[in-house]
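> What follows is a single structure, and I will ask about it in a moment.
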Amino acid sequence: MNSVAVVSNLMDSLKYLGPNLAMAIGSLVLLMAGLWIRSSCVLTILTSLILVTAAALNIPNLGLLSTQYFSGLVYHDAFSSFFGFIIPFIILFAVVMGHYSKELLADRKAEYMSLLLAFGCGLLFMSSSNHFLMAYLGIEMVSVLSYALAGFHRERQSSVEASMKYVVYGALATGIMIFGMSLMYAVSGELTISGMRNFVHSVPADAIPYLFWVGVIFSFAGFGYKISAAPMHMWTPDVYEGSPTPVAALFSVAPKAAGFALLIRFFVVGLSLPVVDQDLVLLATKNATQPAYLAGGLVSWAKFFAISSVFTMFMGNLAALGQTSVKRILAYSSIAHAGYMLLGLTSQNREGLSAIMFYIVVYCTMNLGAFWVASLVEDRMGGDSLKDFKGLAKKAPLLAVLMAIFLFSLVGLPPFVGFIGKLYLFIAILGQKMYGLALLAGVNSVISLFYYAKILKAMFLEKVSEETLNIQGQIPKFILVMLFVLAVPNLVFGLYWEPLMSWAMTSLDFAR
Amino acid sequence: MNCVLSWITFFPLLGILAILFVPKGKDDIVKWISVGVTLVPLLLAIKLTTLFNYSVGGFQFVEKALWIPSLNVEFHMGIDGMSFLMVLLATLLSFLCIFASWNIKKQVKGYFSMFLLLHVGMLGVFCALDFFLFYVFWEVMLLPMYFLVGIWGGERKEYAAIKFFLYTLFGSVLMLVGLLALYFYSTGPNGLSPATFDLAQLSKINWSQYTLNFFGMTLPFDKAVWVLLFMGFAVKVPIVPFHTWLPWAHVQAPTAVSVILAGVLLKMGIYGFLRINYWLLPQATQYFATTLAVMGVINIVYGALCAMAQKDLKKLVAYSSVSHMGYCLLGMAVFTAAGMQGAILQMFNHGLSAAMMFMLVGILYDRLHHRAIVTTDGKLGFGGIAQKSPIITAAWMVAVFSSLGLPGLNGFISEAMVFLGAFPVYKTLTSVAALGILLTAAYLLWMVQRVFLGPYVALHKDESGHYHPAGEIPPIRWNEWVVLIPLAVLCLWIGLFPQPLINIFKVSSNMITETLR
C-alpha cells in the first residue's frame, strides 16, 4: 500500500520546504528590519513580498512526485500544495488589515508581521505533517503564536484576557490530543499517519483494542480545538472579541483551514476512511477477514462526524442569536461554519472532501471581508456592537454594500459563492442519502439568516438620528481595493465555480 | 429573435448598471432609465404573442447551454403557454410599478436598482427549465425584496422584512433538499445516465419506484419529495398555516412592492406547483389532490373571514389575496380541463385586480396618510370618498367588482371556470368554497360602504398621528393614470373576451391535466 517515495536526505528534503523556509526566514528578517525600519508601509510591502514568494515557491514543487520527506516527518503532495497556496494569501490579508488597523500600535507593526509569518510557517507544517510529533509541533507553533497575537494589545485588559483564555483551552486541548496519540501509539506502535494506515490495513478489526479508538477520539479534541468544533469551541467568542480585530479575522480562517487539513489527513489517510477511489473498490469487494479500516472499529465515523457537525452548527447558530457585538456574532458564525464543513467528512466520499476544501477557500474570502469591515467600523466608531453599525449605509454606502455581499455569502444565498459551498456539502451528504442531516443543516442556514440579518438591519434599515458623518471618505482607497478583491470572488465564483472546484478535486491526491 | 427570453430576463441588469453611473440628485433620470429598461422586456413579450405557436404544448424559444459541466447544470430557458402568460403578467406589472413608485423620495437609486433586480429574479423563475437555474432565480428574488420592504416600507418594516425573509428561506431550503434528492435519483437505479437538473428529463422518470430513508423511517420517495417541494411553494402562495408573513409584508411594503408581491410573487407559488410538483411527480400529486383541494377551500374561507375582520384597508386587501389564491389551489387540485384553465386564468386575473387594489390603497394613503377603514377611536377613516373623488371611486369599483367576480369583469370568468371544473369532482368542498364568494362579496361591499358611500367624513392623519377632517382630495396624477388605465382596460377586456387569453395557455394547461387524469 505504501508506495510513496520517502526522502531521508536532508539536502534533498529542503527543496520541498521552500514555502516554510521563506516564511521562517522572513519572520526573522522582519524582526531585524523592525529595528531600523519604522514605516509600517515599507514593512507591509516587505512582508507581502515574502508571502507572495512563499506561495510562489510551491510552483516548482508542483511537478514533483508525492513524497514524505525528512524521513517521513512531512508530506509533499497535491493536498499540501493546495494549502501551501491559500495560507500565504490568508496571512497577506491579515498583514494588510493590520497595517491599517488602529488597534495595533504603530511601533509594534514589525513584531506583528514577524509573528504572522512564523504563524504561517506553523500552519504550513500543520497541513503537511505526517508524524504525530510534527503535527503536535505544528499545532503548538500555531497556538503559541496565537496566544501572543491574541494578547498583542497588551495594554487592553480584554486582549490579555483573550490570550489567557486561549492558553488555558489550548493547553487542555493539545494535552488531550497528545494523550490520545500516545494511546494510539501504545496499541499500534506507530507514530506516523502513514504507519497508522498500515496498521489498520493489516490488523483485523476485532484484534484492535478499544483503547485505540479512544485514542482517536481524544486526538480529535486537538483538531476540534483548532477548527473550533463543539464542544471545544468555548474559547472562540471570547478570544475573537478580545483580540485585535485583524487577529480575530486571521483566527477565524487560518487555523481552521490548517486544522481541517490535518483532520482530513489524519482520518482519511491515517484511519483510511473509505473516501478515495481505490478504497471504494476495496469496499465493494469485501473479503471475509475484514481489515479494521473497513469496519471502522467501534465507531461509526459517519455518525461520529454527523453528531459533531450538528452539535457544532446548533451551538454556533443558537448562541449567535442573542449577541449584540458583531465580532461575537461572527465568532459564533465561524463555529457554525466549522459545523457545516464537518458535514463533508460525514459523507466519507471524495465529493465531501472536495466540498470542504472548496468551502475553506470561499469561507476565507467572505469571513475575512466581514471581519475587515467590522474592524474598519470599530476603528472609526469606537466599538463593534450592532449600534455602531447603525446607518452604515448612509455613512459609508460602499462599505455597507460590501458587508452585505459578505453576509449574504455567509448565509448561503445564491448568486453568492457561499451558496455554492453549501450546495456541494449538501450534495455530498445527500449523495449518501442522509436526508435528516441535510434538513438539519438547512434549518441551521435559516437560523443563521436571523443574526446576519440583524447586522444588515442595523446597516440598512435603521434610521440614524444623529448627524450622519461620512466615514467612507476616511477609509484609504487601498482598503477598498482589497475589499473588492475579497468581494469579487464571492460573486464570480457564485456564478462560475468550475475552476475552483476542479482545483479542489485534483488536490485530493494524498501521498500515502 | 434568438435569446429573446434572456433579453427579457436580463435586460434590466443594464438598467442597474446605468443607474450606478447617474450622478446624485438626478432622480428623474433614474426613473426614466427604469421605465426604459422595463419597457423593452414588455415590448418583447408583446411581440412574442405574434411569434408564439399557440397550437403546440411544448416549450418554445428554448435556449440551452451547459453552465457547470461537473454538476450537469444547464442554462436552460423556454416558455410554454402557462409560463408565457406569467411572463406577460410579470413584464406588464414590472413596467407599471415603475410608475407606481414615482413618488419614492428616499435613496432613489437604490430603490430602482433593487426593483430591477427583482424583475430579473421573477422573469428568470418563469423562464427557467433547469431546476437548479430555477432555484437560483427563486432565491435571487429574496434579496431585493428584503431591502425593498425593509428600507422603503412602513412603520414596522424591519419586522415585516425579516419575517418574509425567514419564512421564504425556510421554504426554499426544504425545496433545495427536495431538488437535490431528485438530482441524485435521476441517475437511475444503476447510476447509468448522468444525474441531471433538467426538468424535462426529470419528468420522464417514474419516481414512485424509489423509497427514501428518513431517520429510520422508510418513506415513498415521490411523496416525501413532493412534500419538501410543497413547503417551498406553499410559503409563497401562501397556503394557510404558512401565510402569516403575508399580511405583514403586504401592509408594510411600499405601494409598488405590494403590487408586485400580490401581482407576481404569489403566483410563483402556484406556478411552482404546476411546473415542478405536477410535472415531475404526477403520482404523488394525485395522492395529495384532496389535501390540496381542502387547503384551497380553507384558504378561500379563512382568508375571506380574516379580511372581513380587518380595520386596515391594506390588510383587508392582503387577506383577500390569501382568499383568492385558494381558488387557484381548488381549481388545480381537480385535474379537469376547466378547473386547471380556471386556476391559471385566476392567477392572471388576481394579478390584475390585486395589483389595482394595492395601487388604489396607495393612492388613498398618499392623499390621507392613513389606511384605517375604522380608526382606533371608532370613527370611519375614509367615509364618503365618492362624494369628493368620483374618479378614484370608479377605479376602486372596477377593482372591487373584478375581485368579487361580477360578470363582465375578469374575476368572474376564472372563478366560474374553477367552480365548473371542481364541482363534479368535489361536490361538498366546492359548495363550501362557494360560500367564499358570498363572504368575498360581503367584506368587499361592506368595505365599499364604509369607505366610499355615505356622507363625506374622511379623515386626514397628520405627522403627529392625529386625525383631522380631510379637505379636498387631490386629483389622480399622471403616473397613477398610467398604472390604472391599462389594468382597468385589461380587467374589462378579459371579462368580455377571455378567449384570446385562454388560447395562450389552453394547450399547455390541457397537457398538465392529461398527464394527471
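Each chain of the C-alpha cells is named A, B, ... in the order shown, its residues numbered from 1; ligands are numbered from 1 in display order.
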Only residues of chain B matter here; which ones have an atom within 10 Å of chain A, counting only C-alpha atoms? Give them as JSON, numbers by chain.

{"B": [67, 68, 69, 70, 71, 107, 135, 136, 137, 138, 139, 140, 141, 142, 143, 146, 147, 148, 149, 150, 151, 152, 153, 157, 158, 159, 161, 162, 163, 165, 166, 167, 168, 169, 170, 171, 172, 173, 174, 175, 176, 177, 178, 180, 181, 183, 184, 185, 212, 213, 214, 215, 216, 228]}

> Would you please extract all helix (DSSP H, G or I) residues from stretch 107-255 of chain B, as assigned by DSSP on the backbone, and give them as a ChimeraX atom specification?

/B:108-127,131-140,142-152,157-185,199-202,207-209,221-236,240-242,245-252,255

> Ranking A:Asn490, A:Ser81, A:Thr506, A:Ser40 by minimum distance to A:Val361 and counting only C-alpha atoms, which one comes first?

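Result for the nearest residue to A:Val361: A:Asn490.
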
> Using only C-alpha atoms, which residues sit within 10 Å of B:Ala200 once same-chain residues fewer than 2 positions away are excluded, as a PyMOL selection string?

chain B and resi 59+129-131+196-198+202-205+279-280

> Output all heavy atoms for every residue in the selection just made, as a compact mmCIF listing (two decimals), in the first residue's frame.


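Printed below is again_13.txt as written:
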# COMPACT_ATOMS: atom_id res chain seq x y z
N PHE B 59 -42.24 23.47 -25.23
CA PHE B 59 -41.57 24.73 -24.90
C PHE B 59 -41.07 25.41 -26.15
O PHE B 59 -40.61 24.76 -27.10
CB PHE B 59 -40.42 24.47 -23.93
CG PHE B 59 -40.93 24.08 -22.59
CD1 PHE B 59 -41.04 22.75 -22.23
CD2 PHE B 59 -41.34 25.05 -21.69
CE1 PHE B 59 -41.54 22.40 -20.99
CE2 PHE B 59 -41.83 24.71 -20.45
CZ PHE B 59 -41.94 23.38 -20.10
N LEU B 129 -35.94 26.31 -17.14
CA LEU B 129 -36.35 24.92 -17.36
C LEU B 129 -35.36 23.96 -16.73
O LEU B 129 -35.43 22.75 -16.94
CB LEU B 129 -36.46 24.62 -18.85
CG LEU B 129 -37.66 25.27 -19.52
CD1 LEU B 129 -37.71 24.90 -20.97
CD2 LEU B 129 -38.94 24.87 -18.83
N ASP B 130 -34.38 24.50 -16.03
CA ASP B 130 -33.43 23.68 -15.31
C ASP B 130 -33.70 23.95 -13.83
O ASP B 130 -33.81 25.10 -13.43
CB ASP B 130 -32.01 24.11 -15.69
CG ASP B 130 -30.96 23.26 -15.03
OD1 ASP B 130 -30.69 23.50 -13.84
OD2 ASP B 130 -30.42 22.38 -15.69
N PHE B 131 -33.85 22.89 -13.07
CA PHE B 131 -34.29 23.08 -11.69
C PHE B 131 -33.29 23.92 -10.90
O PHE B 131 -33.66 24.75 -10.07
CB PHE B 131 -34.50 21.71 -11.02
CG PHE B 131 -35.50 21.74 -9.89
CD1 PHE B 131 -35.99 20.56 -9.36
CD2 PHE B 131 -35.96 22.93 -9.36
CE1 PHE B 131 -36.92 20.58 -8.32
CE2 PHE B 131 -36.88 22.95 -8.33
CZ PHE B 131 -37.35 21.76 -7.81
N THR B 196 -29.08 14.77 -13.46
CA THR B 196 -29.46 15.96 -14.19
C THR B 196 -30.42 16.83 -13.39
O THR B 196 -31.13 16.34 -12.51
CB THR B 196 -30.12 15.58 -15.53
OG1 THR B 196 -30.48 16.77 -16.20
CG2 THR B 196 -31.36 14.74 -15.33
N PHE B 197 -30.41 18.12 -13.69
CA PHE B 197 -31.38 19.04 -13.12
C PHE B 197 -32.43 19.42 -14.16
O PHE B 197 -33.31 20.22 -13.90
CB PHE B 197 -30.71 20.33 -12.65
CG PHE B 197 -29.89 20.18 -11.41
CD1 PHE B 197 -28.51 20.26 -11.45
CD2 PHE B 197 -30.50 19.98 -10.19
CE1 PHE B 197 -27.77 20.14 -10.29
CE2 PHE B 197 -29.76 19.86 -9.03
CZ PHE B 197 -28.39 19.93 -9.08
N ASP B 198 -32.31 18.87 -15.36
CA ASP B 198 -33.19 19.26 -16.46
C ASP B 198 -34.62 18.81 -16.18
O ASP B 198 -34.88 17.62 -16.01
CB ASP B 198 -32.68 18.64 -17.76
CG ASP B 198 -33.41 19.19 -18.95
OD1 ASP B 198 -33.89 20.33 -18.85
OD2 ASP B 198 -33.52 18.48 -19.95
N LEU B 202 -36.18 15.04 -15.88
CA LEU B 202 -36.65 14.57 -14.57
C LEU B 202 -38.10 14.10 -14.66
O LEU B 202 -38.51 13.17 -13.96
CB LEU B 202 -36.54 15.70 -13.54
CG LEU B 202 -35.13 16.11 -13.13
CD1 LEU B 202 -35.17 17.28 -12.18
CD2 LEU B 202 -34.39 14.96 -12.47
N SER B 203 -38.88 14.75 -15.55
CA SER B 203 -40.29 14.41 -15.62
C SER B 203 -40.51 13.04 -16.25
O SER B 203 -41.59 12.47 -16.15
CB SER B 203 -41.05 15.47 -16.42
OG SER B 203 -40.71 15.35 -17.78
N LYS B 204 -39.51 12.51 -16.91
CA LYS B 204 -39.70 11.21 -17.58
C LYS B 204 -39.47 10.04 -16.64
O LYS B 204 -39.70 8.89 -17.01
CB LYS B 204 -38.72 11.11 -18.76
CG LYS B 204 -39.08 12.04 -19.89
CD LYS B 204 -38.19 11.83 -21.07
CE LYS B 204 -38.39 12.93 -22.09
NZ LYS B 204 -37.14 13.59 -22.44
N ILE B 205 -38.97 10.31 -15.46
CA ILE B 205 -38.61 9.21 -14.55
C ILE B 205 -39.80 8.83 -13.69
O ILE B 205 -40.57 9.69 -13.26
CB ILE B 205 -37.42 9.65 -13.67
CG1 ILE B 205 -36.23 9.96 -14.57
CG2 ILE B 205 -37.06 8.58 -12.66
CD1 ILE B 205 -35.11 10.66 -13.89
N TRP B 279 -45.63 18.42 -12.72
CA TRP B 279 -44.98 17.87 -13.89
C TRP B 279 -44.07 16.70 -13.52
O TRP B 279 -44.08 15.65 -14.16
CB TRP B 279 -44.16 18.97 -14.58
CG TRP B 279 -43.74 18.65 -15.95
CD1 TRP B 279 -44.29 17.72 -16.78
CD2 TRP B 279 -42.67 19.26 -16.67
NE1 TRP B 279 -43.63 17.72 -17.98
CE2 TRP B 279 -42.63 18.65 -17.94
CE3 TRP B 279 -41.75 20.26 -16.38
CZ2 TRP B 279 -41.70 19.01 -18.90
CZ3 TRP B 279 -40.83 20.62 -17.33
CH2 TRP B 279 -40.81 20.01 -18.59
N LEU B 280 -43.28 16.88 -12.47
CA LEU B 280 -42.29 15.85 -12.15
C LEU B 280 -42.88 14.70 -11.36
O LEU B 280 -42.46 13.56 -11.50
CB LEU B 280 -41.13 16.46 -11.34
CG LEU B 280 -40.39 17.63 -11.95
CD1 LEU B 280 -39.14 17.92 -11.13
CD2 LEU B 280 -40.00 17.35 -13.37

> Excluding A:Leu21 and any residue of its chain fewer than 5 positions from it, enumerate the residues within 9 Å of it, using only C-alpha atoms, and give them as a ChimeraX atom specification.

/A:14,26,54,121

> Just N, CA, C and O atoms for this one: save the residues we selected as an mmCIF file, in the first residue's frame.


data_model
loop_
_atom_site.group_PDB
_atom_site.id
_atom_site.type_symbol
_atom_site.label_atom_id
_atom_site.label_comp_id
_atom_site.auth_asym_id
_atom_site.auth_seq_id
_atom_site.Cartn_x
_atom_site.Cartn_y
_atom_site.Cartn_z
ATOM 1 N N LEU A 14 15.124 19.558 1.720
ATOM 2 C CA LEU A 14 14.970 21.016 1.828
ATOM 3 C C LEU A 14 14.259 21.624 0.633
ATOM 4 O O LEU A 14 13.575 22.626 0.762
ATOM 5 N N GLY A 26 11.684 34.865 6.615
ATOM 6 C CA GLY A 26 11.009 36.164 6.540
ATOM 7 C C GLY A 26 10.671 36.684 7.916
ATOM 8 O O GLY A 26 10.806 37.877 8.205
ATOM 9 N N ALA A 54 6.601 32.982 -0.794
ATOM 10 C CA ALA A 54 6.289 31.690 -0.164
ATOM 11 C C ALA A 54 5.263 30.932 -0.988
ATOM 12 O O ALA A 54 5.399 29.728 -1.225
ATOM 13 N N CYS A 121 4.132 29.804 8.996
ATOM 14 C CA CYS A 121 5.029 28.657 8.865
ATOM 15 C C CYS A 121 4.457 27.465 9.633
ATOM 16 O O CYS A 121 4.429 26.330 9.131
#

> Among stretch 140-357 of chain A, which ones does DSSP assign to strand (DSSP E or B) (computed from the backbone)? Answer as a ChimeraX atom specification.

/A:192,204,291,325

> Pick from B:Arg275, B:His250, B:Arg367, B:Lys31: nearest to B:Ser320, with only C-alpha atoms counted?

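Looking at the shortest contact to B:Ser320, the residue is B:His250.
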
> Env of B:Leu92: 7 Å cut, atoms = only C-alpha atoms, seq-sep filter 4 positions within chain, self excluded. Answer as a PyMOL selection string.

chain B and resi 42+88+96

> List as a PyMOL selection string the protein and nucleic acid residues near B:Ile502, meaning an atom at most 12 Å away when only C-alpha atoms are counted, but skip any in the same chain fewer than 2 places from it.

chain B and resi 54+81-82+84-85+337-338+340-346+348-349+410+413-414+417+494-495+497-500+504-510

> Write to file, as a CSV table (one decimal), in the first residue's frame, the residues of the selection just made, with N, CA and C atoms.


chain,number,residue,atom,x,y,z
B,54,TYR,N,-49.5,28.9,-30.8
B,54,TYR,CA,-50.5,28.5,-29.8
B,54,TYR,C,-51.0,27.1,-29.9
B,81,GLY,N,-47.2,27.8,-22.8
B,81,GLY,CA,-48.3,28.7,-22.7
B,81,GLY,C,-48.5,29.3,-21.3
B,82,MET,N,-48.4,28.4,-20.3
B,82,MET,CA,-48.6,28.8,-18.9
B,82,MET,C,-47.5,29.8,-18.5
B,84,PHE,N,-45.7,31.6,-20.5
B,84,PHE,CA,-45.8,32.8,-21.3
B,84,PHE,C,-46.8,33.8,-20.7
B,85,LEU,N,-47.9,33.2,-20.2
B,85,LEU,CA,-48.9,34.1,-19.6
B,85,LEU,C,-48.3,34.8,-18.4
B,337,ALA,N,-60.1,19.9,-17.2
B,337,ALA,CA,-59.6,20.9,-18.1
B,337,ALA,C,-60.1,22.3,-17.6
B,338,ALA,N,-61.4,22.4,-17.3
B,338,ALA,CA,-61.9,23.7,-16.9
B,338,ALA,C,-61.3,24.2,-15.6
B,340,MET,N,-58.3,23.5,-14.3
B,340,MET,CA,-57.0,23.9,-14.5
B,340,MET,C,-56.9,25.2,-15.2
B,341,GLN,N,-57.7,25.3,-16.3
B,341,GLN,CA,-57.6,26.6,-17.0
B,341,GLN,C,-58.1,27.7,-16.1
B,342,GLY,N,-59.1,27.4,-15.3
B,342,GLY,CA,-59.6,28.5,-14.4
B,342,GLY,C,-58.5,28.9,-13.4
B,343,ALA,N,-57.8,27.9,-12.9
B,343,ALA,CA,-56.7,28.2,-11.9
B,343,ALA,C,-55.7,29.1,-12.5
B,344,ILE,N,-55.3,28.8,-13.8
B,344,ILE,CA,-54.2,29.5,-14.4
B,344,ILE,C,-54.7,30.9,-14.7
B,345,LEU,N,-56.0,31.0,-15.2
B,345,LEU,CA,-56.5,32.3,-15.5
B,345,LEU,C,-56.7,33.1,-14.3
B,346,GLN,N,-57.1,32.4,-13.2
B,346,GLN,CA,-57.2,33.1,-11.9
B,346,GLN,C,-55.9,33.8,-11.5
B,348,PHE,N,-53.7,35.1,-13.4
B,348,PHE,CA,-53.5,36.3,-14.2
B,348,PHE,C,-54.5,37.4,-13.7
B,349,ASN,N,-55.8,36.9,-13.5
B,349,ASN,CA,-56.8,37.9,-13.1
B,349,ASN,C,-56.5,38.5,-11.7
B,410,ASN,N,-63.1,40.4,-15.2
B,410,ASN,CA,-62.3,39.2,-15.4
B,410,ASN,C,-62.4,38.2,-14.3
B,413,ILE,N,-64.9,35.2,-14.8
B,413,ILE,CA,-64.6,34.1,-15.8
B,413,ILE,C,-63.8,33.0,-15.1
B,414,SER,N,-62.7,33.4,-14.4
B,414,SER,CA,-61.8,32.4,-13.8
B,414,SER,C,-62.5,31.7,-12.7
B,417,MET,N,-64.9,29.3,-14.0
B,417,MET,CA,-64.3,28.1,-14.6
B,417,MET,C,-63.8,27.1,-13.5
B,494,ILE,N,-60.8,41.2,-20.5
B,494,ILE,CA,-60.8,39.8,-20.2
B,494,ILE,C,-62.2,39.3,-19.8
B,495,GLY,N,-62.8,40.2,-19.1
B,495,GLY,CA,-64.2,39.9,-18.6
B,495,GLY,C,-65.1,39.7,-19.8
B,497,PHE,N,-64.0,39.3,-23.3
B,497,PHE,CA,-63.5,38.4,-24.4
B,497,PHE,C,-62.3,37.6,-23.8
B,498,PRO,N,-62.6,36.7,-23.0
B,498,PRO,CA,-61.5,35.9,-22.3
B,498,PRO,C,-60.8,35.0,-23.3
B,499,GLN,N,-61.4,34.7,-24.4
B,499,GLN,CA,-60.9,33.6,-25.2
B,499,GLN,C,-59.4,33.8,-25.7
B,500,PRO,N,-59.1,35.0,-26.2
B,500,PRO,CA,-57.7,35.1,-26.7
B,500,PRO,C,-56.7,34.8,-25.6
B,504,ILE,N,-53.8,31.3,-25.1
B,504,ILE,CA,-52.4,31.3,-24.9
B,504,ILE,C,-52.0,30.0,-24.1
B,505,PHE,N,-52.7,29.7,-23.1
B,505,PHE,CA,-52.3,28.6,-22.2
B,505,PHE,C,-53.1,27.4,-22.3
B,506,LYS,N,-54.1,27.4,-23.2
B,506,LYS,CA,-55.0,26.3,-23.2
B,506,LYS,C,-54.3,24.9,-23.5
B,507,VAL,N,-53.5,24.9,-24.5
B,507,VAL,CA,-52.9,23.7,-24.8
B,507,VAL,C,-52.0,23.1,-23.7
B,508,SER,N,-51.2,24.0,-23.2
B,508,SER,CA,-50.3,23.5,-22.1
B,508,SER,C,-51.0,23.2,-20.9
B,509,SER,N,-52.1,23.9,-20.6
B,509,SER,CA,-52.9,23.6,-19.4
B,509,SER,C,-53.5,22.2,-19.6
B,510,ASN,N,-54.1,22.0,-20.8
B,510,ASN,CA,-54.7,20.6,-21.0
B,510,ASN,C,-53.7,19.5,-20.9
